[in-house]
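Student: What follows is a single structure, and I will ask about it in a moment.
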Amino acid sequence: MCLTGITGLTGFNGLMGVAHAQTPASKSSKKNPEPVTLNFTNADIDAVAKTLATLSGHNVVVDPRVKGTITLTSTVPVPPSQALRLFAAQLRTQGYSLVESSGLYLVVPEADAKLQSGGVSAGAVPASNGQIVTQIFQLNHENANNLVPILRPLISPNNTVNVNPGTNALVITDYADNLQRLARIVAALDVANATGVEVVQLKHALATDLVPMLQRLLDSGAATNTAAPAAGQGDASFKTTVLAEARSNSLVVRAANAPRMALARSLIAQLDRPSDSGPNAASGNIHVVYLKNADATKLAVTLRAALTAQATTPSGTTSNPSNTSTPNANNPSGANATFNAAGAQPSTGGQIQADPSTNALIITAPEPQYRQLRAVIDKLDARRAQVFVESLIAEVSAEKAAEFGVQWQGPVGNKGDTNIGLLGTNFKVGGANLISLATQGATGTVAPSTGLNMGIAHNSNGTYVLGFLARFLQTTGDGNVLSTPNLLTLDNEEAKIVIGQNVPFVTGQYTNNNTNAGSVNPFQTIERKDVGLTLRVKPQISENGTVKLQIYQEVSRLDPASVGSATGLITNKRSIESSVLVEDGAIVVLGGLLQDDYGNSQERIPGLSDVPVFGNLFRAESRSRKKTNLMVFLRPVVVRDANATDGLSMGRYEQMRGAQVEAQPAPSAGLPNVGAPVLPEAKRKP
């Protein structure tokens, strides 16, 4: 099927995405279908399945128990087969599964997927396709029953792991991508002569610090000359596994054989020593901790406050009042008094300082306290999630106006009379002043008003003078404005974007007239303010994924009528300041304006204007109506890792690049093609 494209008609009203396709054109188009872009928001699962079935050419059947809606989008075009895999991945998050059986795809509850799946593999694990398959793992060394407690927590609750004791095999039914991970775990554990798991308790060193060093030493064979036996060094079928258990400060070790385990214990014993063996080892240990994500200056303040609160009794006194700040041989400067006076450290604790240049913490503390601090630091120094906030400001306005007016003027009297009167009407609604138009219209200083103007002029002494004027006018104006300011910021960090102009406003002026010299010294004070679009947001991600947003959004513009006015500039402003809770990827409306203005203005001559039909010659009328619809929407998306950030950025990058490519100038025979600037092609990380 030759597809020209797919468009999701979703918007903010939750409509189902719709696919547009053409009649099949050739066999090559069937083999190489064009990519499609998915954009389904709150669409019915059954409808999405039918659409993807048409695109991929496969039969997709939805179980009657599968109910609900689904949101499925792709930032870049994907092949129809990839679209089907994306559909399977999204179903998985809602408790459903897509399984293939004899070329037929079934959408069923995840609990029943293991009964419907037709794929069974006993060799290599099949490639990840988002479907549930059954894999048989034949074990050569390890007992299958010993691996079940290890693998069971790693398998989806609705799927199974069984043991065949006769062949010592594992039969696991789960998603293909998870089976690939389980295959690596089984291969690592199913080794010849592998020892059991041993837990080594550390006394001085930190488990998290020793794991990288031990793993490199044991895997590279650099420790072959240690006191451990060398009998097992040639066994390369299994790499020694070392894991850190931070809660008990222990190492969990599993080796290929007993000599390798002895080697690991020997290295741990040599590394698990106090950092200082002198008499002041308990109070003089200095440690440097390099942070990966957190800010050292802020984290140091938090840790100092935690230590101060821990070392203070409920009555507000320190837990070691006997430790005074009197200078002595070991503390000649009374350092404890200095720390406590600054509110930085308790008298019994160590000192925590930050080095902003290297983003590191310098901790002076005994080993037990340092280990406690490191456990806290490792938890606080985690990668923080980011929030991509997409704000949409939609404004639709419609304006209609109609005017009708009749003016007439005529002299009353005879030629040669001393006094001649004027009789007629003159309305504002009727357009330009009739007398000014009659006397100055020929010179061009006064022009007729917009609309249809019909008039009658009479000859007065060889000069044509306008004596009657009728005006008809009807105007219609529509406006549609959509602004989408976007922001990407860290969790619990405020971000701001301003798009507009910095306009000067006169706040005061003074003129000094020097009468002796005849000079004038003017003086003005000016204050500049941002006029345009402003978005300020501070997100906070909760434990369950809900995003709390503190928002301030403002749209302001200058009133055109106030430009050049002596009283100063006038700005029209619409702003929203609120705090809301939004689900990840959901859309929330912040507020809006629904305005409907109607105006009717009429000018008439009393009595004469009430005469039927002919009364219209003695009145002027104007009617207007203006409707304004303004809504502000917000959509936060939580970006938790580097891959999600890269996917979001590349999608926006390609969108902008595509717009630049389409904006290239058309070829011209008379002008050279200088070319418009285009962003370079993005190179994704391997």
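The way I read the labels, and the way they are meant: chains A, B, ... in the order of the structure tokens, residue 1 as the first residue of every chain, and ligand 1 as the first ligand shown, with later ones counted on from there.
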List the neighbours of range 385-393 of chain A out to 8 Å using only C-alpha atoms; skip same-chain residues closer than 2 positions along the sequence, and give me the result as an MDAnalysis selection string.
Tutor: chainID A and resid 383 395 481:491 539 630:641
Student: Would you please work out which residue, of A:Ala644, A:Val36, A:Ile132, A:Ile526, is nearest to Asn178 in chain A when using only C-alpha atoms?
Tutor: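 Smallest distance to Asn178 in chain A is found for A:Ile132.
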Student: How close does range 122-189 of chain A get to range 91-113 of chain A? List, as CSV, each residue of range 122-189 of chain A within 10 Å, its nearest atom pair and the distance in Å to one decimal, counting only C-alpha atoms.
Tutor:
residue,atom,partner,partner_atom,distance
A:Asn129,CA,A:Leu98,CA,9.8
A:Gly130,CA,A:Leu98,CA,7.6
A:Gln131,CA,A:Val99,CA,5.4
A:Ile132,CA,A:Val99,CA,6.1
A:Val133,CA,A:Val99,CA,8.2
A:Ser156,CA,A:Glu110,CA,9.4
A:Pro157,CA,A:Ala111,CA,8.5
A:Asn158,CA,A:Ala111,CA,4.9
A:Asn159,CA,A:Ala111,CA,7.1
A:Thr173,CA,A:Ala113,CA,9.3
A:Asp174,CA,A:Ala113,CA,9.1
A:Tyr175,CA,A:Ser97,CA,9.3
Student: When you draw a straight line from CA of Thr534 in chain A to CA of Val498 in chain A, how long is it in Å?
Tutor: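 CA of Val498 in chain A lies at a distance of 4.5 Å from CA of Thr534 in chain A.
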Student: Could you pull the residues within 7 Å of Lys50 in chain A, counting only C-alpha atoms, minus those fewer than 4 positions along the same chain, as a ChimeraX atom specification?
Tutor: /A:46,54,60
Student: Kindly indicate which residue among A:Arg619, A:Val537, A:Glu198, A:Pro612 lies nearest to Ser579 in chain A, using only C-alpha atoms for the distances.
Tutor: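 Under the stated criterion, the closest residue is A:Val537.
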Student: Report, in Å with one decimal, the straight-line distance from CA of Ala401 in chain A to CA of Ser622 in chain A.
Tutor: 7.4 Å
Student: Report the residues of range 409-651 of chain A whose backbone DSSP state falls under strand (DSSP E or B), written as a ChimeraX atom specification.
Tutor: /A:409-412,421-425,452-460,463-483,486-490,495-514,519-541,547-558,571-582,588-604,619-639
Student: Fewer than 5 positions away in the same chain doesn't count, so skip those; otherwise give me all residues within 8 Å of Leu533 in chain A, counting only C-alpha atoms, as an MDAnalysis selection string.
Tutor: chainID A and resid 498:500 553:556
Student: Check the smallest atom-to-atom distance from each of A:Asn59, A:Ser578, A:Gln138, A:Gln372 to Ala122 in chain A using only C-alpha atoms, then report the winner.
Tutor: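 Among A:Asn59, A:Ser578, A:Gln138, A:Gln372, it is A:Gln138 that comes nearest to Ala122 in chain A.
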Student: Need the shell around Ala375 in chain A: protein/DNA/RNA residues with any atom at most 10 Å away, counting only C-alpha atoms. Skip same-chain ones fewer than 4 positions apart. Format as a PyMOL selection string?
Tutor: chain A and resi 206+208+246-247+249+370-371+379-380
